[in-house]
Amino acid sequence: MKTDFLIVSFFMAASILASGCGKSQPPAAPLAPSVEVQAEGPLPELEQNKVEPFNVTIPEDSSKVQVFENRDDDHQKMSEEEKQLLFPPATD
Amino acid sequence: MILSMLRNQKGIAILSVYTASAFISVLSISAFGRAFWEARHVDQEVTRIKSYAAAEAGLQRALAQVAQNAYTGFINTNAISQPTFQSSYGDTVGSYTVSIQYPNAADWVIITSTGTVNGEIRRLEGRVFLDSNLSKYLVYADTGTFSSGTGASYGESNGVDPMGVPANEDDRTMMYFTGNWSITGGGVALYGDSLVEGSISGHSGSNVYGDTYVQAFTKNAQGQVTNSGVSGNMPVGDGFSDDSDRNNDGVINSTDRPDMHDLTNDGDDDSKAKETLVAMDLNFYATNSNINTFATGAATNRYLKFEPVSGGNNTRVIEYTSTNYSTVKATYNLPSTAIVYVKGDAYVKGQIQGRISIAASDDIHFMGDVSYAGGQTHASPSNSVAFLAKDILYLKPDNLDVSGIMYAENSSNASAAFDAGYDLNGNADTSKTELNLYGNRVIQGGTNLSYYGDRLYGYDQNLKYYRPPGIPVYPDLRTVRET
């Protein structure tokens, strides 16, 4: 009888131990941000957002001055009034 | 011993307890194992999601890089490497690398982004379509009313389909007018589609072999067409039975106004969407010219002839002293992809080899034929050209063939941005023989090209793909797939 009691006790303890293994881990700690987020204000700048200007392989020459203008020395240009008199009506 | 236990009630009870306990133990152990496996699996999935996010971040950054210079037509294909990709909390999660391919410098960019997190690698491929309204329309005219005169021929019949235009509208020639399109005479033919923000004033002796998309198009609540937007009893049709029974009378006929559509802001239903021309930045050409002499100093007229470099893939520019092209002033060998900016007027003729954009701070004068190497009239992966004038494009010879993208910004607000009213010596000449253009025309204002008796405005679809340098594009991400 004593032996029986010991055997039963061993199996009961073993089954309780086995079934309790899943709960043996301590409960998960509540999630907390590793970086404290401010309620207001700018977000911290992330490394991948720091975009460097891209190097484009186009030769630049800032010394060139761009002037777009209609010059007086263009003898081939007539005024619109002159064209009206000289040129017949035209289309595309 | 077991047999002796089975002979009494206590023994059976004990065995029952043993069995139950063993069963519960096995059940518990297997449940625990399953939970452990699931947790491990979730960890792996989280890692995979993180590596996907890293790859996606690389794709987004590459898109930004492509878009950054797209307005100039240049695509930055430099590879990207980000060894420390961070989470929103600033923790290092993994890394990504990106490669960018631009095959044939054509109309697609292929972006391959690889994200790596804890050894888990995921790869995304994005395909970006480069769209340009400067190189896709046969004519883009920004003016109140654009007039087409007797005999003007826009596009050419493909000789295969019923009306000479393909069923796929994406493959058709297109013309775009920001105002009205007025066809003032007979014999005008368009082999393609027209998009008109105003209305079309047609001519019964002319034809549109294609579809019309006109903002003046209206329907009533029953779907009946109340205004087709096309007047003048001009035949319109692409020859395909792809129309709907708009008035629901059980038959598709002329009352349904087949092949006539609306032009809307969003292009819904069977309409097409309005488009705004990207403004050209000619300063870009000034600061990136391959011939420094032409771009600096006082504004000067340059008399230029282009010829292919024998055995090469580039063009030689021969500068002459005057319009009679008799005395050579200088020669320049361009790279295969080049920009020639002239501060002043550019007088041009010859053959183009390579991809070249010629821009002028004032006017461009065509003094003779312009074609590609070997006399080819259409662009190819190797050869294409654009002529970009801040003011007027003058077309001077009695017979003239020109290939390429032609752009006249008409800064002087003249009545004709494409002007054929002068001869080679600059004297008035309003009676010319034949004009053949192969490419795209972008016109701020009108033209007077009807001074040429015969006019063919041929469409060069290749210019959509093989653009010369500096033509603005819209990058449009069309597909993303995991590879």
# chains A, B, ... in the order shown; residues from 1 in each chain; ligands from 1
call {"tool": "closest_atom_pairs", "arguments": {"of": "chain B", "to": "chain A", "cutoff": "6 Å", "atoms": "only C-alpha atoms", "output": "tab-separated table"}}
result
residue	atom	partner	partner_atom	distance
B:Ser21	CA	A:Ser15	CA	5.9
B:Ser25	CA	A:Ser15	CA	4.7
B:Ser28	CA	A:Ser19	CA	4.6
B:Phe32	CA	A:Gly22	CA	5.7
B:Tyr89	CA	A:Val35	CA	5.8
B:Ser147	CA	A:Thr91	CA	5.3
B:Ser148	CA	A:Asp92	CA	4.6
B:Gly149	CA	A:Thr91	CA	5.2
B:Thr287	CA	A:Asp61	CA	5.5
B:Asn288	CA	A:Glu60	CA	5.8
B:Thr296	CA	A:Lys64	CA	5.8
B:Ser361	CA	A:Phe68	CA	4.8
B:Gly426	CA	A:Gln76	CA	5.3
B:Thr447	CA	A:Asp92	CA	5.2
B:Asn448	CA	A:Thr91	CA	4.7
B:Leu449	CA	A:Asp92	CA	4.9
B:Ser450	CA	A:Thr91	CA	5.3
call {"tool": "write_last_selection", "arguments": {"atoms": "N, CA and C atoms", "output": "tab-separated table (two decimals), in the first residue's frame"}}
result
chain	number	residue	atom	x	y	z
B	21	SER	N	-2.69	9.69	-15.56
B	21	SER	CA	-1.56	10.60	-15.33
B	21	SER	C	-0.61	10.59	-16.52
B	25	SER	N	0.26	13.70	-18.92
B	25	SER	CA	1.65	14.12	-19.08
B	25	SER	C	2.02	14.26	-20.54
B	28	SER	N	0.35	17.27	-22.07
B	28	SER	CA	0.97	18.53	-21.63
B	28	SER	C	2.29	18.76	-22.34
B	32	PHE	N	3.12	21.80	-24.89
B	32	PHE	CA	4.24	22.71	-24.66
B	32	PHE	C	5.17	22.76	-25.89
B	89	TYR	N	11.98	52.84	-33.41
B	89	TYR	CA	12.55	53.19	-32.11
B	89	TYR	C	14.03	53.51	-32.20
B	147	SER	N	-4.84	75.80	-86.12
B	147	SER	CA	-5.49	75.62	-87.41
B	147	SER	C	-4.66	74.71	-88.31
B	148	SER	N	-5.33	73.75	-88.93
B	148	SER	CA	-4.70	72.87	-89.91
B	148	SER	C	-5.29	73.15	-91.28
B	149	GLY	N	-4.40	73.41	-92.25
B	149	GLY	CA	-4.88	73.79	-93.58
B	149	GLY	C	-4.91	72.63	-94.55
B	287	THR	N	23.82	74.99	-68.84
B	287	THR	CA	24.85	74.64	-67.85
B	287	THR	C	25.44	73.25	-68.09
B	288	ASN	N	24.90	72.53	-69.07
B	288	ASN	CA	25.41	71.17	-69.32
B	288	ASN	C	25.84	70.97	-70.77
B	296	THR	N	28.96	80.35	-73.92
B	296	THR	CA	29.46	81.47	-73.12
B	296	THR	C	29.65	82.71	-73.98
B	361	SER	N	19.27	79.75	-77.16
B	361	SER	CA	18.67	80.76	-76.30
B	361	SER	C	17.68	81.62	-77.07
B	426	GLY	N	16.99	84.54	-95.73
B	426	GLY	CA	16.24	85.36	-94.79
B	426	GLY	C	15.21	86.26	-95.44
B	447	THR	N	1.38	77.82	-86.24
B	447	THR	CA	2.41	77.67	-87.25
B	447	THR	C	1.91	78.27	-88.57
B	448	ASN	N	2.83	78.44	-89.53
B	448	ASN	CA	2.42	78.84	-90.88
B	448	ASN	C	3.02	77.87	-91.89
B	449	LEU	N	3.09	76.61	-91.52
B	449	LEU	CA	3.75	75.62	-92.38
B	449	LEU	C	2.94	75.30	-93.64
B	450	SER	N	1.73	75.84	-93.75
B	450	SER	CA	0.96	75.61	-94.98
B	450	SER	C	1.57	76.35	-96.17
call {"tool": "select_by_dssp", "arguments": {"residues": "range 256-430 of chain B", "states": "strand (DSSP E or B)", "output": "short mmCIF file (atom, residue, chain, number, x, y, z; two decimals) with N, CA and C atoms, in the first residue's frame"}}
result
data_model
loop_
_atom_site.label_atom_id
_atom_site.label_comp_id
_atom_site.auth_asym_id
_atom_site.auth_seq_id
_atom_site.Cartn_x
_atom_site.Cartn_y
_atom_site.Cartn_z
N MET B 260 -16.17 58.81 -80.68
CA MET B 260 -16.07 60.17 -80.14
C MET B 260 -16.25 60.09 -78.62
N HIS B 261 -15.37 60.76 -77.91
CA HIS B 261 -15.33 60.62 -76.45
C HIS B 261 -15.12 61.98 -75.80
N ASP B 262 -15.20 61.91 -74.47
CA ASP B 262 -15.00 63.10 -73.65
C ASP B 262 -13.52 63.22 -73.27
N LEU B 263 -13.09 64.43 -72.97
CA LEU B 263 -11.76 64.67 -72.40
C LEU B 263 -12.00 65.27 -71.01
N THR B 264 -11.61 64.55 -69.97
CA THR B 264 -11.96 64.94 -68.61
C THR B 264 -10.71 65.12 -67.75
N LYS B 272 -10.52 60.28 -71.92
CA LYS B 272 -9.09 60.34 -71.59
C LYS B 272 -8.87 61.58 -70.72
N ALA B 273 -7.76 61.55 -70.00
CA ALA B 273 -7.48 62.64 -69.07
C ALA B 273 -6.70 63.75 -69.73
N ARG B 302 25.38 80.73 -84.69
CA ARG B 302 26.28 79.62 -85.00
C ARG B 302 25.70 78.87 -86.21
N TYR B 303 26.56 78.64 -87.22
CA TYR B 303 26.13 77.98 -88.46
C TYR B 303 26.72 76.57 -88.43
N LEU B 304 25.90 75.59 -88.17
CA LEU B 304 26.37 74.26 -87.80
C LEU B 304 25.90 73.20 -88.80
N LYS B 305 26.83 72.31 -89.09
CA LYS B 305 26.49 71.12 -89.88
C LYS B 305 26.91 69.89 -89.07
N PHE B 306 26.04 68.91 -89.04
CA PHE B 306 26.33 67.69 -88.27
C PHE B 306 26.67 66.56 -89.22
N GLU B 307 27.67 65.77 -88.87
CA GLU B 307 27.97 64.59 -89.67
C GLU B 307 28.43 63.46 -88.75
N PRO B 308 28.06 62.21 -89.08
CA PRO B 308 28.50 61.09 -88.25
C PRO B 308 30.01 60.91 -88.32
N THR B 315 28.78 62.19 -83.19
CA THR B 315 28.61 63.19 -84.25
C THR B 315 29.72 64.23 -84.19
N ARG B 316 30.13 64.67 -85.38
CA ARG B 316 31.06 65.80 -85.46
C ARG B 316 30.26 67.04 -85.83
N VAL B 317 30.49 68.13 -85.10
CA VAL B 317 29.84 69.41 -85.39
C VAL B 317 30.83 70.28 -86.14
N ILE B 318 30.46 70.69 -87.34
CA ILE B 318 31.32 71.57 -88.13
C ILE B 318 30.69 72.96 -88.11
N GLU B 319 31.43 73.93 -87.60
CA GLU B 319 30.91 75.30 -87.54
C GLU B 319 31.43 76.09 -88.73
N TYR B 320 30.52 76.77 -89.41
CA TYR B 320 30.88 77.61 -90.56
C TYR B 320 30.75 79.07 -90.16
N VAL B 328 34.88 76.89 -93.17
CA VAL B 328 34.81 76.22 -91.87
C VAL B 328 35.50 77.08 -90.81
N LYS B 329 34.85 77.23 -89.70
CA LYS B 329 35.42 78.01 -88.60
C LYS B 329 36.05 77.09 -87.54
N ALA B 330 35.37 76.00 -87.23
CA ALA B 330 35.89 75.07 -86.22
C ALA B 330 35.13 73.76 -86.32
N THR B 331 35.70 72.70 -85.77
CA THR B 331 34.99 71.42 -85.70
C THR B 331 35.06 70.88 -84.27
N TYR B 332 34.02 70.17 -83.89
CA TYR B 332 33.94 69.62 -82.53
C TYR B 332 33.43 68.18 -82.62
N ASN B 333 34.10 67.26 -81.96
CA ASN B 333 33.60 65.89 -81.88
C ASN B 333 32.83 65.72 -80.57
N THR B 337 26.39 60.69 -76.31
CA THR B 337 25.21 61.38 -75.75
C THR B 337 25.65 62.79 -75.40
N ALA B 338 25.03 63.78 -76.03
CA ALA B 338 25.58 65.12 -75.90
C ALA B 338 24.50 66.19 -75.93
N ILE B 339 24.88 67.33 -75.36
CA ILE B 339 24.04 68.52 -75.41
C ILE B 339 24.83 69.64 -76.08
N VAL B 340 24.21 70.27 -77.05
CA VAL B 340 24.82 71.43 -77.70
C VAL B 340 23.91 72.62 -77.42
N TYR B 341 24.41 73.56 -76.65
CA TYR B 341 23.64 74.76 -76.33
C TYR B 341 24.26 75.95 -77.04
N VAL B 342 23.45 76.68 -77.78
CA VAL B 342 23.94 77.86 -78.49
C VAL B 342 23.33 79.09 -77.85
N ALA B 346 20.84 79.19 -83.61
CA ALA B 346 21.54 78.02 -84.17
C ALA B 346 20.98 77.75 -85.56
N TYR B 347 21.88 77.73 -86.57
CA TYR B 347 21.53 77.35 -87.93
C TYR B 347 22.00 75.91 -88.11
N VAL B 348 21.12 75.02 -88.51
CA VAL B 348 21.47 73.59 -88.45
C VAL B 348 21.08 72.84 -89.71
N LYS B 349 21.85 71.78 -89.99
CA LYS B 349 21.53 70.78 -91.01
C LYS B 349 22.49 69.61 -90.82
N GLY B 350 22.20 68.48 -91.48
CA GLY B 350 23.13 67.37 -91.45
C GLY B 350 22.54 66.08 -90.90
N GLN B 351 23.44 65.17 -90.52
CA GLN B 351 23.04 63.85 -90.03
C GLN B 351 23.53 63.65 -88.59
N ILE B 352 22.70 62.99 -87.82
CA ILE B 352 22.96 62.82 -86.39
C ILE B 352 23.34 61.36 -86.10
N ARG B 355 22.93 60.26 -79.41
CA ARG B 355 21.73 60.94 -78.87
C ARG B 355 22.11 62.37 -78.51
N ILE B 356 21.49 63.32 -79.19
CA ILE B 356 21.93 64.71 -79.07
C ILE B 356 20.72 65.63 -78.89
N SER B 357 20.85 66.59 -77.98
CA SER B 357 19.88 67.67 -77.83
C SER B 357 20.55 68.97 -78.20
N ILE B 358 19.92 69.73 -79.09
CA ILE B 358 20.45 71.02 -79.51
C ILE B 358 19.47 72.09 -79.03
N ALA B 359 19.95 72.98 -78.17
CA ALA B 359 19.09 74.02 -77.60
C ALA B 359 19.67 75.38 -77.95
N ALA B 360 18.78 76.35 -78.13
CA ALA B 360 19.23 77.71 -78.46
C ALA B 360 18.52 78.70 -77.55
N ILE B 364 16.10 78.61 -83.72
CA ILE B 364 16.80 77.57 -84.48
C ILE B 364 16.30 77.63 -85.92
N HIS B 365 17.26 77.67 -86.87
CA HIS B 365 16.93 77.77 -88.30
C HIS B 365 17.34 76.46 -88.97
N PHE B 366 16.39 75.78 -89.58
CA PHE B 366 16.74 74.58 -90.36
C PHE B 366 17.17 75.05 -91.75
N MET B 367 18.45 74.84 -92.06
CA MET B 367 19.03 75.30 -93.32
C MET B 367 19.13 74.16 -94.34
N GLY B 368 18.82 72.98 -93.94
CA GLY B 368 18.86 71.82 -94.82
C GLY B 368 18.27 70.63 -94.08
N ASP B 369 18.25 69.48 -94.75
CA ASP B 369 17.65 68.29 -94.13
C ASP B 369 18.40 67.89 -92.87
N VAL B 370 17.66 67.34 -91.92
CA VAL B 370 18.25 66.74 -90.73
C VAL B 370 17.72 65.31 -90.63
N SER B 371 18.63 64.35 -90.65
CA SER B 371 18.23 62.94 -90.52
C SER B 371 19.23 62.26 -89.60
N TYR B 372 19.06 60.97 -89.44
CA TYR B 372 20.01 60.19 -88.64
C TYR B 372 21.05 59.56 -89.56
N GLN B 376 18.64 57.72 -92.19
CA GLN B 376 17.44 57.17 -91.55
C GLN B 376 16.55 58.31 -91.04
N SER B 384 19.10 59.60 -81.75
CA SER B 384 17.89 60.42 -81.60
C SER B 384 18.32 61.87 -81.41
N VAL B 385 17.42 62.80 -81.69
CA VAL B 385 17.81 64.21 -81.61
C VAL B 385 16.61 65.06 -81.22
N ALA B 386 16.90 66.18 -80.55
CA ALA B 386 15.87 67.17 -80.21
C ALA B 386 16.39 68.55 -80.54
N PHE B 387 15.50 69.41 -81.05
CA PHE B 387 15.82 70.80 -81.32
C PHE B 387 14.90 71.65 -80.45
N LEU B 388 15.50 72.40 -79.54
CA LEU B 388 14.74 73.11 -78.52
C LEU B 388 15.06 74.60 -78.60
N ALA B 389 14.09 75.39 -79.07
CA ALA B 389 14.32 76.83 -79.24
C ALA B 389 13.54 77.61 -78.21
N LEU B 393 11.22 78.27 -84.29
CA LEU B 393 11.89 77.34 -85.20
C LEU B 393 11.57 77.78 -86.62
N TYR B 394 12.62 78.11 -87.40
CA TYR B 394 12.43 78.52 -88.80
C TYR B 394 12.73 77.35 -89.72
N LEU B 395 11.83 77.12 -90.68
CA LEU B 395 12.02 76.04 -91.66
C LEU B 395 12.18 76.71 -93.02
N ASN B 399 12.42 72.49 -100.18
CA ASN B 399 12.09 71.10 -99.83
C ASN B 399 12.85 70.76 -98.56
N LEU B 400 12.17 70.24 -97.58
CA LEU B 400 12.83 70.03 -96.29
C LEU B 400 12.33 68.75 -95.62
N ASP B 401 13.29 67.94 -95.15
CA ASP B 401 12.98 66.77 -94.32
C ASP B 401 13.71 66.94 -92.99
N VAL B 402 12.98 66.82 -91.87
CA VAL B 402 13.61 66.94 -90.55
C VAL B 402 13.09 65.83 -89.65
N SER B 403 14.01 65.19 -88.93
CA SER B 403 13.64 64.17 -87.95
C SER B 403 13.99 64.65 -86.54
N GLY B 404 13.19 64.24 -85.56
CA GLY B 404 13.52 64.53 -84.17
C GLY B 404 12.39 65.22 -83.43
N ILE B 405 12.68 65.54 -82.16
CA ILE B 405 11.74 66.30 -81.34
C ILE B 405 11.98 67.78 -81.61
N MET B 406 10.92 68.50 -81.93
CA MET B 406 11.05 69.93 -82.22
C MET B 406 10.20 70.73 -81.23
N TYR B 407 10.84 71.67 -80.57
CA TYR B 407 10.18 72.41 -79.49
C TYR B 407 10.42 73.90 -79.71
N ALA B 408 9.34 74.68 -79.78
CA ALA B 408 9.45 76.13 -79.93
C ALA B 408 8.65 76.79 -78.82
N ALA B 416 3.49 82.70 -85.38
CA ALA B 416 3.91 81.36 -85.82
C ALA B 416 5.16 80.95 -85.05
N ALA B 417 5.02 79.94 -84.22
CA ALA B 417 6.18 79.43 -83.48
C ALA B 417 7.02 78.54 -84.38
N PHE B 418 6.39 77.89 -85.35
CA PHE B 418 7.10 77.16 -86.42
C PHE B 418 6.87 78.00 -87.67
N ASP B 419 7.93 78.67 -88.16
CA ASP B 419 7.78 79.70 -89.19
C ASP B 419 8.46 79.25 -90.47
N TYR B 422 10.31 82.25 -94.62
CA TYR B 422 11.57 82.83 -95.12
C TYR B 422 12.37 81.79 -95.88
N ALA B 428 11.56 86.96 -97.44
CA ALA B 428 10.22 86.38 -97.35
C ALA B 428 10.00 85.39 -98.49
#
call {"tool": "atom_distance", "arguments": {"atom1": "CA of Lys219 in chain B", "atom2": "CA of Gly164 in chain B"}}
result
29.0 Å
call {"tool": "atom_distance", "arguments": {"atom1": "CA of Tyr474 in chain B", "atom2": "CA of Ala106 in chain B"}}
result
13.1 Å
call {"tool": "atom_distance", "arguments": {"atom1": "CA of Thr300 in chain B", "atom2": "CA of Ala420 in chain B"}}
result
22.3 Å
call {"tool": "residues_around", "arguments": {"residues": "Ser254 in chain B", "least_positions_apart": "5", "cutoff": "12 Å", "atoms": "only C-alpha atoms", "output": "PyMOL selection string"}}
result
chain B and resi 224-225+228+233+235-237+243-247+249+259-260
call {"tool": "write_last_selection", "arguments": {"atoms": "N, CA and C atoms", "output": "mmCIF file, in the first residue's frame"}}
result
data_model
loop_
_atom_site.group_PDB
_atom_site.id
_atom_site.type_symbol
_atom_site.label_atom_id
_atom_site.label_comp_id
_atom_site.auth_asym_id
_atom_site.auth_seq_id
_atom_site.Cartn_x
_atom_site.Cartn_y
_atom_site.Cartn_z
ATOM 1 N N GLN B 224 -27.541 59.628 -73.876
ATOM 2 C CA GLN B 224 -27.504 60.042 -75.273
ATOM 3 C C GLN B 224 -26.509 61.181 -75.450
ATOM 4 N N VAL B 225 -25.765 61.140 -76.539
ATOM 5 C CA VAL B 225 -24.778 62.174 -76.809
ATOM 6 C C VAL B 225 -25.491 63.427 -77.300
ATOM 7 N N SER B 228 -21.077 66.024 -79.655
ATOM 8 C CA SER B 228 -19.897 65.170 -79.871
ATOM 9 C C SER B 228 -18.604 65.958 -79.727
ATOM 10 N N ASN B 233 -19.384 67.989 -90.016
ATOM 11 C CA ASN B 233 -19.636 66.711 -90.718
ATOM 12 C C ASN B 233 -18.341 66.021 -91.149
ATOM 13 N N PRO B 235 -15.808 63.028 -91.085
ATOM 14 C CA PRO B 235 -15.808 61.615 -90.675
ATOM 15 C C PRO B 235 -14.759 61.343 -89.600
ATOM 16 N N VAL B 236 -15.191 60.597 -88.571
ATOM 17 C CA VAL B 236 -14.299 60.188 -87.480
ATOM 18 C C VAL B 236 -14.497 58.700 -87.256
ATOM 19 N N GLY B 237 -13.437 57.917 -87.216
ATOM 20 C CA GLY B 237 -13.593 56.492 -86.925
ATOM 21 C C GLY B 237 -12.301 55.731 -87.084
ATOM 22 N N ASP B 243 -17.429 50.076 -80.044
ATOM 23 C CA ASP B 243 -18.245 51.165 -79.513
ATOM 24 C C ASP B 243 -19.453 50.634 -78.751
ATOM 25 N N SER B 244 -20.065 51.507 -77.964
ATOM 26 C CA SER B 244 -21.196 51.084 -77.126
ATOM 27 C C SER B 244 -22.496 51.721 -77.609
ATOM 28 N N ASP B 245 -23.595 51.081 -77.203
ATOM 29 C CA ASP B 245 -24.936 51.570 -77.557
ATOM 30 C C ASP B 245 -25.333 52.637 -76.537
ATOM 31 N N ARG B 246 -24.869 53.843 -76.794
ATOM 32 C CA ARG B 246 -25.040 54.898 -75.787
ATOM 33 C C ARG B 246 -26.500 55.269 -75.547
ATOM 34 N N ASN B 247 -27.317 55.275 -76.603
ATOM 35 C CA ASN B 247 -28.723 55.685 -76.414
ATOM 36 C C ASN B 247 -29.652 54.499 -76.152
ATOM 37 N N ASP B 249 -30.825 52.018 -77.849
ATOM 38 C CA ASP B 249 -31.905 51.690 -78.789
ATOM 39 C C ASP B 249 -31.701 50.325 -79.423
ATOM 40 N N ASP B 259 -16.650 56.296 -81.604
ATOM 41 C CA ASP B 259 -15.253 56.774 -81.650
ATOM 42 C C ASP B 259 -15.106 58.237 -81.223
ATOM 43 N N MET B 260 -16.174 58.806 -80.681
ATOM 44 C CA MET B 260 -16.072 60.168 -80.144
ATOM 45 C C MET B 260 -16.247 60.088 -78.623
#
